[in-house]
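Heads up, coords.tsv below (TSV, C-alpha atoms and all ligand atoms):
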```
chain	number	residue	atom	x	y	z
J	1	MET	CA	14.91	36.16	-55.14
J	2	ILE	CA	16.98	39.29	-54.63
J	3	ASP	CA	16.10	42.66	-56.16
J	4	LEU	CA	19.18	44.64	-57.12
J	5	HIS	CA	18.49	48.36	-57.43
J	6	TYR	CA	21.30	49.28	-59.69
J	7	ALA	CA	23.18	51.45	-62.13
J	8	PRO	CA	26.38	50.36	-63.91
J	9	THR	CA	28.97	52.24	-61.81
J	10	PRO	CA	31.87	51.03	-59.63
J	11	ASN	CA	29.58	50.73	-56.59
J	12	GLY	CA	26.86	49.03	-58.65
J	13	TRP	CA	29.36	46.57	-60.13
J	14	LYS	CA	30.52	45.43	-56.69
J	15	ILE	CA	27.11	43.91	-56.11
J	16	SER	CA	26.40	42.63	-59.62
J	17	ILE	CA	29.80	40.88	-59.44
J	18	MET	CA	29.04	39.45	-55.99
J	19	LEU	CA	25.65	38.13	-57.12
J	20	GLU	CA	27.23	36.56	-60.20
J	21	GLU	CA	29.97	35.02	-58.04
J	22	LEU	CA	27.32	33.53	-55.75
J	23	GLY	CA	25.06	32.36	-58.56
J	24	LEU	CA	22.03	33.62	-56.61
J	25	PRO	CA	18.86	34.39	-58.57
J	26	TYR	CA	18.40	38.15	-58.80
J	27	ARG	CA	16.39	40.72	-60.67
J	28	VAL	CA	17.93	44.00	-61.79
J	29	ILE	CA	15.88	47.13	-61.14
J	30	PRO	CA	17.57	49.98	-63.02
J	31	VAL	CA	17.90	53.30	-61.21
J	32	ASN	CA	18.76	56.08	-63.60
J	33	ILE	CA	20.89	58.23	-61.29
J	34	ARG	CA	21.52	60.82	-63.99
J	35	ALA	CA	17.77	61.43	-64.26
J	36	GLY	CA	17.21	61.61	-60.47
J	37	GLU	CA	15.50	58.26	-59.90
J	38	GLN	CA	17.55	57.83	-56.69
J	39	PHE	CA	15.28	60.45	-55.12
J	40	ARG	CA	12.03	58.56	-55.70
J	41	PRO	CA	10.27	57.84	-52.39
J	42	GLU	CA	10.13	54.09	-53.08
J	43	PHE	CA	13.90	54.00	-53.61
J	44	LEU	CA	14.60	56.21	-50.56
J	45	ALA	CA	12.57	53.75	-48.48
J	46	ILE	CA	15.27	51.12	-49.07
J	47	SER	CA	18.27	53.40	-49.60
J	48	PRO	CA	17.88	56.48	-47.38
J	49	ASN	CA	21.25	57.89	-48.54
J	50	ASN	CA	19.87	58.25	-52.12
J	51	ARG	CA	22.73	56.26	-53.59
J	52	ILE	CA	22.79	53.03	-55.56
J	53	PRO	CA	23.09	50.11	-55.16
J	54	ALA	CA	20.64	48.59	-52.69
J	55	ILE	CA	19.15	45.13	-52.45
J	56	VAL	CA	15.91	43.63	-51.22
J	57	ASP	CA	16.17	39.99	-50.17
J	58	HIS	CA	12.80	38.30	-50.55
J	59	ALA	CA	14.01	35.12	-48.83
J	60	PRO	CA	16.07	36.31	-45.84
J	61	ALA	CA	17.77	33.73	-43.63
J	62	ASP	CA	15.38	34.35	-40.72
J	63	GLY	CA	12.40	33.45	-42.90
J	64	GLY	CA	10.79	36.82	-42.18
J	65	THR	CA	9.51	39.61	-44.39
J	66	PRO	CA	11.67	40.97	-47.26
J	67	PHE	CA	14.82	42.64	-45.96
J	68	SER	CA	16.56	45.62	-47.58
J	69	VAL	CA	20.24	46.54	-47.37
J	70	PHE	CA	22.03	49.69	-48.56
J	71	GLU	CA	25.79	50.59	-48.57
J	72	THR	CA	27.93	48.23	-50.62
J	73	GLY	CA	30.15	47.11	-47.73
J	74	ALA	CA	27.07	46.10	-45.76
J	75	ILE	CA	25.54	44.41	-48.81
J	76	LEU	CA	28.70	42.38	-49.50
J	77	ILE	CA	28.90	41.22	-45.88
J	78	TYR	CA	25.16	40.45	-45.79
J	79	LEU	CA	25.38	38.30	-48.93
J	80	ALA	CA	28.59	36.62	-47.73
J	81	GLU	CA	26.93	35.73	-44.43
J	82	LYS	CA	23.76	34.56	-46.17
J	83	THR	CA	25.70	32.12	-48.33
J	84	GLY	CA	28.80	31.36	-46.27
J	85	ARG	CA	31.07	32.43	-49.12
J	86	PHE	CA	33.84	34.99	-49.71
J	87	LEU	CA	34.15	35.89	-46.00
J	88	PRO	CA	36.22	33.51	-43.88
J	89	THR	CA	34.74	32.44	-40.55
J	90	ASP	CA	37.86	32.15	-38.40
J	91	MET	CA	38.46	35.25	-36.33
J	92	ARG	CA	41.73	36.46	-37.83
J	93	ARG	CA	40.97	35.93	-41.50
J	94	ARG	CA	37.46	37.28	-41.11
J	95	SER	CA	38.69	40.42	-39.37
J	96	ARG	CA	41.42	40.96	-41.99
J	97	THR	CA	38.83	40.69	-44.74
J	98	VAL	CA	36.47	43.12	-43.02
J	99	GLN	CA	39.39	45.52	-42.41
J	100	TRP	CA	40.08	45.72	-46.14
J	101	VAL	CA	36.39	46.11	-46.98
J	102	MET	CA	36.29	49.05	-44.53
J	103	TRP	CA	39.47	50.45	-46.08
J	104	GLN	CA	37.82	50.36	-49.47
J	105	MET	CA	34.60	51.91	-48.15
J	106	GLY	CA	36.31	54.71	-46.22
J	107	GLY	CA	39.36	55.27	-48.43
J	108	LEU	CA	39.79	53.88	-51.91
J	109	GLY	CA	36.17	54.38	-53.05
J	110	PRO	CA	35.54	57.90	-51.71
J	111	MET	CA	38.99	59.25	-52.66
J	112	LEU	CA	38.90	57.88	-56.21
J	113	GLY	CA	35.33	59.18	-56.37
J	114	GLN	CA	36.46	62.67	-55.36
J	115	HIS	CA	39.42	62.58	-57.73
J	116	GLY	CA	37.10	61.57	-60.56
J	117	HIS	CA	34.72	64.36	-59.61
J	118	PHE	CA	37.28	67.16	-59.58
J	119	ALA	CA	39.54	65.91	-62.40
J	120	LEU	CA	36.93	64.63	-64.85
J	121	TYR	CA	33.39	65.76	-64.09
J	122	ALA	CA	33.48	69.17	-62.38
J	123	ALA	CA	32.77	72.01	-64.79
J	124	GLU	CA	35.29	74.19	-62.94
J	125	LYS	CA	38.77	72.70	-62.71
J	126	ILE	CA	40.27	73.52	-59.31
J	127	PRO	CA	44.00	72.64	-59.28
J	128	TYR	CA	44.24	72.36	-55.47
J	129	ALA	CA	41.34	69.89	-55.28
J	130	ILE	CA	42.60	67.83	-58.23
J	131	GLU	CA	46.09	67.61	-56.75
J	132	ARG	CA	44.82	66.86	-53.24
J	133	TYR	CA	42.73	63.90	-54.38
J	134	ARG	CA	45.25	62.72	-56.97
J	135	ASP	CA	47.92	62.50	-54.24
J	136	GLU	CA	45.51	60.70	-51.93
J	137	ALA	CA	44.46	58.26	-54.67
J	138	ALA	CA	48.14	57.59	-55.51
J	139	ARG	CA	48.86	56.97	-51.83
J	140	LEU	CA	45.97	54.48	-51.65
J	141	TYR	CA	47.13	52.65	-54.79
J	142	GLY	CA	50.51	52.40	-53.02
J	143	VAL	CA	48.88	50.94	-49.89
J	144	LEU	CA	47.02	48.38	-52.02
J	145	ASP	CA	50.18	47.53	-53.93
J	146	ARG	CA	52.16	46.87	-50.75
J	147	GLN	CA	49.35	44.74	-49.31
J	148	LEU	CA	49.09	42.66	-52.50
J	149	GLY	CA	52.90	42.32	-52.46
J	150	LYS	CA	52.61	40.90	-48.94
J	151	THR	CA	49.79	38.45	-49.61
J	152	GLY	CA	51.14	37.51	-53.05
J	153	ALA	CA	47.54	36.70	-54.02
J	154	TYR	CA	44.39	38.55	-52.99
J	155	VAL	CA	43.65	41.69	-50.97
J	156	ALA	CA	42.97	40.06	-47.61
J	157	GLY	CA	45.14	36.95	-47.98
J	158	ASP	CA	45.44	33.88	-50.13
J	159	GLU	CA	41.72	33.58	-50.89
J	160	TYR	CA	39.49	35.64	-53.14
J	161	SER	CA	36.99	37.47	-50.89
J	162	VAL	CA	34.57	40.35	-50.53
J	163	ALA	CA	37.64	42.59	-50.07
J	164	ASP	CA	38.62	41.92	-53.70
J	165	ILE	CA	35.06	42.40	-54.89
J	166	ALA	CA	34.89	45.74	-53.03
J	167	CYS	CA	38.21	47.06	-54.39
J	168	PHE	CA	38.25	45.81	-57.97
J	169	PRO	CA	35.54	47.97	-59.61
J	170	TRP	CA	37.11	51.18	-58.34
J	171	THR	CA	40.54	50.22	-59.72
J	172	MET	CA	38.84	49.90	-63.11
J	173	THR	CA	38.79	53.70	-63.19
J	174	HIS	CA	42.61	53.90	-63.22
J	175	LYS	CA	43.07	54.72	-66.90
J	176	ALA	CA	40.31	57.35	-67.03
J	177	GLN	CA	41.76	58.97	-63.91
J	178	GLY	CA	45.29	59.13	-65.39
J	179	PHE	CA	46.94	56.35	-63.38
J	180	THR	CA	48.94	53.48	-64.85
J	181	LEU	CA	49.12	50.12	-63.11
J	182	ASP	CA	52.73	49.85	-64.35
J	183	ASP	CA	53.48	51.99	-61.28
J	184	TYR	CA	51.81	49.36	-59.05
J	185	PRO	CA	53.01	45.92	-60.24
J	186	ASN	CA	51.23	43.93	-57.53
J	187	VAL	CA	47.95	45.71	-58.26
J	188	LYS	CA	48.54	45.03	-61.95
J	189	ARG	CA	48.97	41.29	-61.37
J	190	TRP	CA	45.91	41.10	-59.09
J	191	TYR	CA	43.80	43.27	-61.42
J	192	ALA	CA	44.42	40.94	-64.37
J	193	ALA	CA	43.58	37.87	-62.26
J	194	VAL	CA	40.31	39.32	-60.92
J	195	ARG	CA	39.26	40.70	-64.28
J	196	ALA	CA	39.75	37.31	-65.93
J	197	ARG	CA	37.11	35.69	-63.72
J	198	PRO	CA	34.02	34.88	-65.82
J	199	GLN	CA	31.74	35.94	-62.93
J	200	VAL	CA	33.43	39.35	-62.85
J	201	GLN	CA	32.92	39.72	-66.59
J	202	ALA	CA	29.26	38.72	-66.16
J	203	GLY	CA	28.79	41.25	-63.34
J	204	LEU	CA	30.33	44.03	-65.41
J	205	ALA	CA	28.06	43.24	-68.33
J	206	ILE	CA	24.90	43.83	-66.27
J	207	GLY	CA	22.92	46.88	-67.14
J	208	LYS	CA	25.06	48.79	-69.59
J	209	PHE	CA	21.61	50.11	-70.56
J	210	VAL	CA	21.18	52.78	-67.86
J	211	LYS	CA	23.97	55.13	-68.93
J	212	GLU	CA	22.58	58.51	-69.89
J	213	PRO	CA	24.67	61.37	-71.31
J	214	PHE	CA	26.51	63.37	-68.68
J	215	ASP	CA	25.02	66.77	-69.47
J	216	GLU	CA	24.09	69.91	-67.50
J	217	GLU	CA	20.88	68.30	-66.24
J	218	ALA	CA	22.76	65.24	-64.95
J	219	ARG	CA	25.24	67.56	-63.21
J	220	LYS	CA	22.42	69.27	-61.34
J	221	VAL	CA	20.88	65.95	-60.39
J	222	MET	CA	24.09	64.38	-59.13
J	223	PHE	CA	26.08	67.22	-57.66
J	224	GLY	CA	23.82	68.31	-54.86
J	225	LYS	CA	21.16	70.59	-56.31
J	226	MET	CA	18.47	67.94	-56.53
J	227	ALA	CA	19.35	66.52	-53.11
J	228	LYS	CA	18.68	69.96	-51.59
J	229	GLU	CA	15.42	70.31	-53.47
J	230	VAL	CA	14.12	66.84	-52.66
J	231	LEU	CA	15.57	66.18	-49.22
J	232	GLY	CA	16.10	69.68	-47.86
J	233	LYS	CA	19.33	70.78	-46.21
J	234	GLY	CA	19.32	68.04	-43.59
J	301	LIG	N1	29.01	54.45	-49.86
J	301	LIG	C1	28.04	54.12	-50.86
J	301	LIG	C2	28.34	54.91	-52.14
J	301	LIG	C3	27.31	54.67	-53.20
J	301	LIG	C4	27.43	55.71	-54.31
J	301	LIG	O1	28.13	56.71	-54.20
J	301	LIG	N2	26.71	55.46	-55.42
J	301	LIG	C5	26.69	56.41	-56.51
J	301	LIG	C6	26.98	55.70	-57.81
J	301	LIG	S1	28.60	54.96	-57.83
J	301	LIG	C7	25.33	57.06	-56.61
J	301	LIG	O2	24.32	56.44	-56.36
J	301	LIG	N3	25.26	58.34	-56.99
J	301	LIG	C8	24.01	59.03	-57.11
J	301	LIG	C9	24.12	60.47	-56.74
J	301	LIG	O3	25.24	60.96	-56.53
J	301	LIG	O4	23.10	61.14	-56.64
J	301	LIG	C10	28.07	52.62	-51.13
J	301	LIG	O5	29.15	52.06	-51.05
J	301	LIG	O6	27.00	52.04	-51.38
```

Could you quickly redo this structure as structure tokens?
Amino acid sequence: MIDLHYAPTPNGWKISIMLEELGLPYRVIPVNIRAGEQFRPEFLAISPNNRIPAIVDHAPADGGTPFSVFETGAILIYLAEKTGRFLPTDMRRRSRTVQWVMWQMGGLGPMLGQHGHFALYAAEKIPYAIERYRDEAARLYGVLDRQLGKTGAYVAGDEYSVADIACFPWTMTHKAQGFTLDDYPNVKRWYAAVRARPQVQAGLAIGKFVKEPFDEEARKVMFGKMAKEVLGKG
């Protein structure tokens, strides 16, 4: 059994989709990140970066004690290695897949996250920040579009992989963030294909329950104030 510590966000969906794709038994443990549950000591023990999602595998491959994993890229690779699925084993295809997972983790996710923060959530609208991250997000959509034009199928090649599962949930934010996939025809084609997968639909349906209103309290919790109070300045 795998415990999934989770909220329904792009990073959370990566792992609910992966678990649905794998058909592994799992139990969802909601973490209400708008109410500060990511700072609870028991959650920090498995996710020291106070971010969801994280997993605890109660039947790890080495037969040892329960094993926890945080950071979605690491979780996707862990689950792929556990099951032998969605991560090719030959050197070139494996490396290409990992490269695109890293690209998502270091680029697409954080930049769309920052664009969403400044354009949609921040109380103060700062034109420089909005433009900076909008340009960067547009550049990254362009990179993804060219890559999908090259493969003609999925992000890392002709097979659906953890690279697709990493990228897809963040591209779901495109409309809210003011992008249209008409500008990125290869992304548009890929997006429709991934979204149509029943396992993706099932992963997206997990835990719509934990959404709280995004009010002043949630802002304080999520935009640094609570981290300073609970964790100190580092
Ligand atoms: N790099 C991390 C990012 C995780 C992340 O940013 N999670 C967000 C939700 S999408 C979160 O937990 N936010 C809580 C907070 O900001 O306090 C990963 O890929 O796991």

Practice item. Enumerate residues in contact with ligand LIG 301 (chain J): an atom-to-atom distance of at most 7 Å, counting all atoms listed in the file. Format the result as a VMD selection string. Key: chain J and resid 9 to 12 33 38 50 to 53 70 to 73 105 221 to 223

Nearby residues (all atoms listed in the file) at most 8 Å from range 129-138 of chain J, same-chain spacing under 2 positions excluded, as a compact mmCIF listing (two decimals) with C-alpha atoms, keeping the file's coordinate frame:
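Below is the file that was written, selection-v2.txt:
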```
# COMPACT_ATOMS: atom_id res chain seq x y z
CA LEU J 108 39.79 53.88 -51.91
CA MET J 111 38.99 59.25 -52.66
CA LEU J 112 38.90 57.88 -56.21
CA GLN J 114 36.46 62.67 -55.36
CA HIS J 115 39.42 62.58 -57.73
CA PHE J 118 37.28 67.16 -59.58
CA ALA J 119 39.54 65.91 -62.40
CA LYS J 125 38.77 72.70 -62.71
CA ILE J 126 40.27 73.52 -59.31
CA PRO J 127 44.00 72.64 -59.28
CA LEU J 140 45.97 54.48 -51.65
CA TYR J 141 47.13 52.65 -54.79
CA GLY J 142 50.51 52.40 -53.02
```

Exercise for review: Give me the residues within 10 Å of Val162 in chain J as a PyMOL selection string, counting only C-alpha atoms and dropping any in the same chain fewer than 5 places off.
Suggested key: chain J and resi 14-15+18+73+76-77+79-80+85-88+97-98+100-101+155-156+167-168

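Counting all atoms listed in the file and comparing J:Ala153, J:Arg219, J:Lys208, J:Val69, the residue that lies closest to Pro8 in chain J is J:Lys208.
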
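Note that CA of Glu216 in chain J and CA of Gly116 in chain J are 16.9 Å apart.
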
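Non-sequential neighbours of Ile17 in chain J (distance at most 8 Å, separation of 5 or more positions within a chain, only C-alpha atoms) are J:Ile165, J:Gln199, J:Val200, J:Gln201, J:Ala202, J:Gly203, J:Leu204.
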
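Our summary of the geometry notes that CA of Leu4 in chain J is positioned 16.4 Å from CA of Phe39 in chain J.
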
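What separates CA of Ala176 in chain J from CA of Leu120 in chain J is a distance of 8.3 Å.
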
May I have the centre and edge lengths, in Å to one decimal, of an axis-aligned box around the listed atoms of range 81-87 of chain J with 5 Å added to every side, as AutoDock Vina command-line options?
```
--center_x 29.0 --center_y 33.6 --center_z -47.1 --size_x 20.4 --size_y 14.5 --size_z 15.3
```

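Of the listed residues (J:Tyr160, J:Trp13, J:Tyr154, J:Trp103), J:Tyr154 comes nearest to Val187 in chain J; the distances count only C-alpha atoms.
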
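Residues in contact range of Thr151 in chain J, defined as at most 12 Å between only C-alpha atoms, with sequence neighbours fewer than 5 positions away removed, read J:Arg96, J:Leu144, J:Asp145, J:Arg146, J:Ala156, J:Gly157, J:Asp158, J:Glu159, J:Tyr160, J:Asn186, J:Val187, J:Trp190.
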
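Between Glu37 in chain J and the candidates J:His5, J:Lys188, J:His117, J:Lys228, the tightest atom-to-atom separation, counting only C-alpha atoms, involves J:His5.
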
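You can rank J:Ala7, J:Lys175, J:Gly232, J:Ile2 by their closest distance to Ala205 in chain J using only C-alpha atoms, and at the top of that list sits J:Ala7.
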
Save range 88-215 of chain J to disk from that block, C-alpha atoms included, as a tab-separated table (two decimals), in the first residue's frame.
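Saved as decode.tsv:
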```
chain	number	residue	atom	x	y	z
J	88	PRO	CA	12.47	3.03	-20.57
J	89	THR	CA	15.47	0.96	-19.49
J	90	ASP	CA	17.80	1.40	-22.46
J	91	MET	CA	20.36	4.11	-21.86
J	92	ARG	CA	19.35	6.61	-24.52
J	93	ARG	CA	15.59	6.50	-24.09
J	94	ARG	CA	15.88	6.45	-20.32
J	95	SER	CA	18.18	9.48	-20.31
J	96	ARG	CA	15.91	11.37	-22.73
J	97	THR	CA	12.94	10.70	-20.47
J	98	VAL	CA	14.81	11.82	-17.35
J	99	GLN	CA	16.02	14.95	-19.21
J	100	TRP	CA	12.44	16.01	-19.87
J	101	VAL	CA	11.36	15.23	-16.31
J	102	MET	CA	14.21	17.49	-15.11
J	103	TRP	CA	13.17	20.15	-17.62
J	104	GLN	CA	9.68	20.07	-16.19
J	105	MET	CA	10.94	20.16	-12.59
J	106	GLY	CA	13.41	23.00	-13.15
J	107	GLY	CA	11.58	24.96	-15.85
J	108	LEU	CA	7.98	24.42	-16.83
J	109	GLY	CA	6.63	23.82	-13.30
J	110	PRO	CA	8.44	26.62	-11.43
J	111	MET	CA	7.99	29.23	-14.19
J	112	LEU	CA	4.28	28.54	-14.68
J	113	GLY	CA	4.02	28.54	-10.88
J	114	GLN	CA	5.65	31.97	-10.67
J	115	HIS	CA	3.55	33.32	-13.52
J	116	GLY	CA	0.41	32.07	-11.79
J	117	HIS	CA	1.58	33.65	-8.55
J	118	PHE	CA	2.25	37.11	-9.94
J	119	ALA	CA	-0.53	37.24	-12.56
J	120	LEU	CA	-3.36	35.57	-10.64
J	121	TYR	CA	-2.74	35.25	-6.91
J	122	ALA	CA	-0.53	38.13	-5.74
J	123	ALA	CA	-2.53	40.92	-4.12
J	124	GLU	CA	-0.16	43.48	-5.65
J	125	LYS	CA	0.13	43.28	-9.43
J	126	ILE	CA	3.73	43.98	-10.45
J	127	PRO	CA	3.94	44.46	-14.25
J	128	TYR	CA	7.67	43.62	-14.48
J	129	ALA	CA	7.23	40.30	-12.65
J	130	ILE	CA	4.12	39.36	-14.63
J	131	GLU	CA	5.84	40.10	-17.94
J	132	ARG	CA	9.07	38.37	-16.93
J	133	TYR	CA	7.32	35.11	-16.06
J	134	ARG	CA	4.81	35.35	-18.89
J	135	ASP	CA	7.69	35.60	-21.41
J	136	GLU	CA	9.49	32.71	-19.74
J	137	ALA	CA	6.32	30.57	-19.70
J	138	ALA	CA	5.70	31.37	-23.39
J	139	ARG	CA	9.29	30.41	-24.20
J	140	LEU	CA	8.85	27.08	-22.38
J	141	TYR	CA	5.58	26.34	-24.20
J	142	GLY	CA	7.56	26.98	-27.39
J	143	VAL	CA	10.28	24.53	-26.32
J	144	LEU	CA	7.64	21.89	-25.55
J	145	ASP	CA	5.89	22.54	-28.85
J	146	ARG	CA	9.09	22.07	-30.86
J	147	GLN	CA	9.94	18.88	-28.96
J	148	LEU	CA	6.47	17.42	-29.54
J	149	GLY	CA	6.77	18.43	-33.21
J	150	LYS	CA	10.00	16.41	-33.37
J	151	THR	CA	8.73	13.28	-31.62
J	152	GLY	CA	5.31	13.48	-33.30
J	153	ALA	CA	3.92	11.65	-30.25
J	154	TYR	CA	4.96	12.08	-26.62
J	155	VAL	CA	7.36	14.37	-24.77
J	156	ALA	CA	10.37	12.05	-24.63
J	157	GLY	CA	9.71	10.00	-27.77
J	158	ASP	CA	7.15	7.65	-29.20
J	159	GLU	CA	6.05	6.22	-25.85
J	160	TYR	CA	3.95	7.72	-23.09
J	161	SER	CA	6.24	8.15	-20.05
J	162	VAL	CA	6.84	9.90	-16.75
J	163	ALA	CA	7.89	12.95	-18.81
J	164	ASP	CA	4.30	13.31	-20.05
J	165	ILE	CA	2.89	12.72	-16.58
J	166	ALA	CA	5.22	15.41	-15.19
J	167	CYS	CA	4.36	18.02	-17.85
J	168	PHE	CA	0.65	17.50	-18.42
J	169	PRO	CA	-0.86	18.84	-15.16
J	170	TRP	CA	1.01	22.12	-15.45
J	171	THR	CA	-0.21	22.66	-19.03
J	172	MET	CA	-3.73	22.36	-17.64
J	173	THR	CA	-3.24	25.86	-16.24
J	174	HIS	CA	-2.92	27.38	-19.73
J	175	LYS	CA	-6.38	28.93	-19.95
J	176	ALA	CA	-6.34	30.41	-16.44
J	177	GLN	CA	-2.90	31.88	-17.15
J	178	GLY	CA	-4.03	33.50	-20.42
J	179	PHE	CA	-2.34	31.17	-22.91
J	180	THR	CA	-4.06	29.47	-25.84
J	181	LEU	CA	-2.84	26.14	-27.15
J	182	ASP	CA	-3.80	27.36	-30.66
J	183	ASP	CA	-0.39	29.06	-30.52
J	184	TYR	CA	1.27	25.68	-29.85
J	185	PRO	CA	-0.33	23.13	-32.22
J	186	ASN	CA	1.89	20.20	-31.20
J	187	VAL	CA	1.16	20.84	-27.52
J	188	LYS	CA	-2.53	21.05	-28.40
J	189	ARG	CA	-2.49	17.65	-30.13
J	190	TRP	CA	-0.52	16.02	-27.28
J	191	TYR	CA	-2.67	17.68	-24.60
J	192	ALA	CA	-5.88	16.26	-26.08
J	193	ALA	CA	-4.34	12.78	-26.34
J	194	VAL	CA	-3.08	12.74	-22.73
J	195	ARG	CA	-6.26	14.23	-21.34
J	196	ALA	CA	-8.36	11.57	-23.05
J	197	ARG	CA	-6.65	8.77	-21.10
J	198	PRO	CA	-9.11	7.31	-18.56
J	199	GLN	CA	-6.28	7.00	-15.98
J	200	VAL	CA	-5.54	10.71	-16.34
J	201	GLN	CA	-9.21	11.52	-15.82
J	202	ALA	CA	-9.25	9.25	-12.76
J	203	GLY	CA	-6.12	10.93	-11.34
J	204	LEU	CA	-7.61	14.39	-11.84
J	205	ALA	CA	-10.79	13.37	-10.07
J	206	ILE	CA	-8.95	12.47	-6.86
J	207	GLY	CA	-9.50	14.74	-3.94
J	208	LYS	CA	-11.44	17.66	-5.32
J	209	PHE	CA	-12.48	17.85	-1.65
J	210	VAL	CA	-9.46	19.70	-0.24
J	211	LYS	CA	-9.92	23.02	-2.03
J	212	GLU	CA	-10.46	25.82	0.46
J	213	PRO	CA	-11.25	29.42	-0.51
J	214	PHE	CA	-8.20	31.45	-1.45
J	215	ASP	CA	-8.58	34.20	1.14
```
